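Structure record follows, encoded as structure tokens.
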Amino acid sequence: MDGRIEVMRVGAIATVVLDRPEKLNALTKSMWRGLGEAIAALSRDDTLRCVILRGAGEKAFSPGNDIAEFATERANKAQAIDYGRVMHSTAKALAECRHPLLAQIHGICVGGGLEIAALCDLRICGESSRFGAPIKNLGLVMAYPEMVPIVRLVGADVALEILLEGRIFGALEAKEKRLVTRVVPDADVAAEALATAQRIADGAPLVARWHKKFARRLADPRPITEAELDECFDCFDTEDFRIGYAAFLAKTKPGFLGR
């Protein structure tokens with residue numbers, strides 16, 4: 001089976017599932033394309049406040065690309081370039097998603113799966129989760145667009161350690177390397193991810209989008225412009241600020257509207 005990308009939604013939280021459990025959610029070209037399309041569509045939805053990204057089942061987030069597909073889709077450089085365009089377009093959609101992205105990681109998260117998780121804002125995994133990028137054993141390199149999120153998280157030296165050694169390592173080492181945000185007991189991963197998503201969704205959505213934008217901008221070494229600094233104070237003219245301020249004084253839970 002080619003697998004599919006399933007999108008479910010409850011309230012302001014959407015869950016995107018890499019749905020190919022019989023292959024541990026190994027990614028096909030069509031799944032890469034479907035993931036990018038799903039994330040782009042969700043990013044345009046102003047009523048959404050958080051996106052959970054996970055693999056189907058609890059054995060794997062994803063082990064990366066389906067090697068069996070290489071014979072027909074990545075057998076030479078020309079095919080690989082075409083395949084890469086699909087992957088990199090999806091990586092761009094994930095990187096540019098306006099809503100907070102939360103990776104819910106069960107089990108295996110390696111190769112392309114690790115690249116996807118690294119593009120999320122938060123990554124919660126179980127104690128038995130496994131990570132790595134052993135693509136050296138296939139004679140393959142990780143292209144620039146695929147390396148960017150990993151280098152951003154762990155630095156160039158640790159990224160090279162991961163790629164040059166090709167080791168598969170555990171959750172605690174992944175946490176030490178800053179590849180994951182939080183490690184919890186395996187049985188608690190789904191509940192912790194949902195609770196985290198709900199905390200995000202309870203906040204002011206415009207503020208979450210601004211914080212994502214500002215964090216990305218701070219990765220750029222150019223000085224902050226006056227116009228960019230001015231944008232930091234746009235929140236004071238939002239209805240959500242008035243709602244939040246009034247709720248704080250009244251000691252009640254704010255009901256933000258996203259405007």
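Residue numbering restarts at 1 for every chain of the structure tokens, chains are lettered A, B, ... in their displayed order, and ligands are numbered from 1 as they appear.
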Close residues, range 10-26 of chain A itself excluded, 6 Å, only C-alpha atoms, min 5 positions apart in chain, as a PyMOL selection string: chain A and resi 3-5+48-56+60+62-66
7 Å contact set for range 152-166 of chain A, only C-alpha atoms, chain neighbours under 3 positions out, as an MDAnalysis selection string: chainID A and resid 132:136 148:149 177:179
Report as a tab-separated table the residues of range 31-83 of chain A within 12 Å of range 89-102 of chain A, each with its shortest atom pair and distance in Å (one decimal), using only C-alpha atoms, ordered by chain and increasing residue number.
```
residue	atom	partner	partner_atom	distance
A:Met31	CA	A:Thr90	CA	9.9
A:Trp32	CA	A:Thr90	CA	6.5
A:Arg33	CA	A:Thr90	CA	6.6
A:Gly34	CA	A:Thr90	CA	8.5
A:Leu35	CA	A:Thr90	CA	6.6
A:Gly36	CA	A:Thr90	CA	4.1
A:Glu37	CA	A:Thr90	CA	7.6
A:Ala38	CA	A:Ala93	CA	9.1
A:Ile39	CA	A:Ala93	CA	6.3
A:Ala40	CA	A:Ala93	CA	5.7
A:Ala41	CA	A:Cys97	CA	9.4
A:Leu42	CA	A:Cys97	CA	8.0
A:Ser43	CA	A:Cys97	CA	5.1
A:Arg44	CA	A:Arg98	CA	8.0
A:Asp45	CA	A:His99	CA	9.1
A:Asp46	CA	A:His99	CA	8.9
A:Thr47	CA	A:His99	CA	10.1
A:Leu48	CA	A:His99	CA	7.3
A:Arg49	CA	A:His99	CA	5.9
A:Cys50	CA	A:Pro100	CA	5.1
A:Val51	CA	A:Leu101	CA	5.0
A:Ile52	CA	A:Leu102	CA	4.7
A:Leu53	CA	A:Leu102	CA	6.0
A:Arg54	CA	A:Leu102	CA	8.6
A:Asp82	CA	A:Ser89	CA	10.9
A:Tyr83	CA	A:Ser89	CA	10.1
```
All strand (DSSP E or B) positions in range 24-176 of chain A, as JSON, numbers by chain: {"A": [27, 50, 51, 52, 53, 54, 55, 60, 61, 62, 65, 101, 102, 103, 104, 105, 108, 109, 110, 122, 123, 124, 125, 126, 130, 131, 132, 169, 170]}
If you run DSSP over the backbone, which residues in range 7-75 of chain A end up helix (DSSP H, G or I)? Put them as a PyMOL selection string. chain A and resi 21-23+29-43+67-73
Could you dump the residues just selected with C-alpha atoms as a JSON list (two decimals), in the first residue's frame?
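Below you can see part.json, which holds the result:
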```
[["chain", "number", "residue", "atom", "x", "y", "z"],
["A", 21, "PRO", "CA", 1.33, 1.23, 9.90],
["A", 22, "GLU", "CA", 2.06, -2.00, 8.01],
["A", 23, "LYS", "CA", 5.35, -0.40, 6.90],
["A", 29, "LYS", "CA", 6.59, 10.07, -2.65],
["A", 30, "SER", "CA", 2.81, 10.42, -2.62],
["A", 31, "MET", "CA", 2.82, 10.62, 1.18],
["A", 32, "TRP", "CA", 5.43, 13.39, 1.10],
["A", 33, "ARG", "CA", 3.25, 15.28, -1.37],
["A", 34, "GLY", "CA", 0.09, 14.66, 0.65],
["A", 35, "LEU", "CA", 1.77, 15.81, 3.86],
["A", 36, "GLY", "CA", 2.83, 19.08, 2.27],
["A", 37, "GLU", "CA", -0.62, 19.71, 0.87],
["A", 38, "ALA", "CA", -2.27, 18.94, 4.22],
["A", 39, "ILE", "CA", 0.03, 21.23, 6.20],
["A", 40, "ALA", "CA", -0.34, 24.07, 3.68],
["A", 41, "ALA", "CA", -4.14, 23.81, 3.88],
["A", 42, "LEU", "CA", -4.12, 23.77, 7.68],
["A", 43, "SER", "CA", -1.78, 26.77, 7.78],
["A", 67, "ILE", "CA", 13.63, 2.01, 0.35],
["A", 68, "ALA", "CA", 11.58, -0.34, -1.83],
["A", 69, "GLU", "CA", 10.37, 2.70, -3.78],
["A", 70, "PHE", "CA", 13.90, 3.66, -4.83],
["A", 71, "ALA", "CA", 13.91, 1.22, -7.75],
["A", 72, "THR", "CA", 11.10, 3.13, -9.46],
["A", 73, "GLU", "CA", 11.29, 6.65, -7.99]]
```
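Proximity to Gly112 in chain A was assessed for A:Cys125, A:Leu206, A:Met87, A:Val183 counting only C-alpha atoms; the smallest distance is recorded for A:Met87.
Between CA of Arg259 in chain A and CA of Ala215 in chain A the separation is 21.0 Å.
If you look at CA of Ala197 in chain A and CA of Gly255 in chain A, they are 16.1 Å away from each other.
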Would you mind listing what lies within 12 Å of Asp240 in chain A as a list of chain:residue names, with only C-alpha atoms counted and same-chain residues fewer than 3 positions away left out? A:Asp202, A:Gly203, A:Ala204, A:Pro205, A:Leu206, A:Val207, A:Ala208, A:Asp234, A:Cys235, A:Phe236, A:Asp237, A:Ile243, A:Gly244, A:Tyr245, A:Ala246, A:Ala247, A:Pro254, A:Gly255, A:Phe256, A:Leu257, A:Gly258, A:Arg259
One number please: CA of Lys213 in chain A to CA of Lys253 in chain A, in Å, one decimal. 25.7 Å
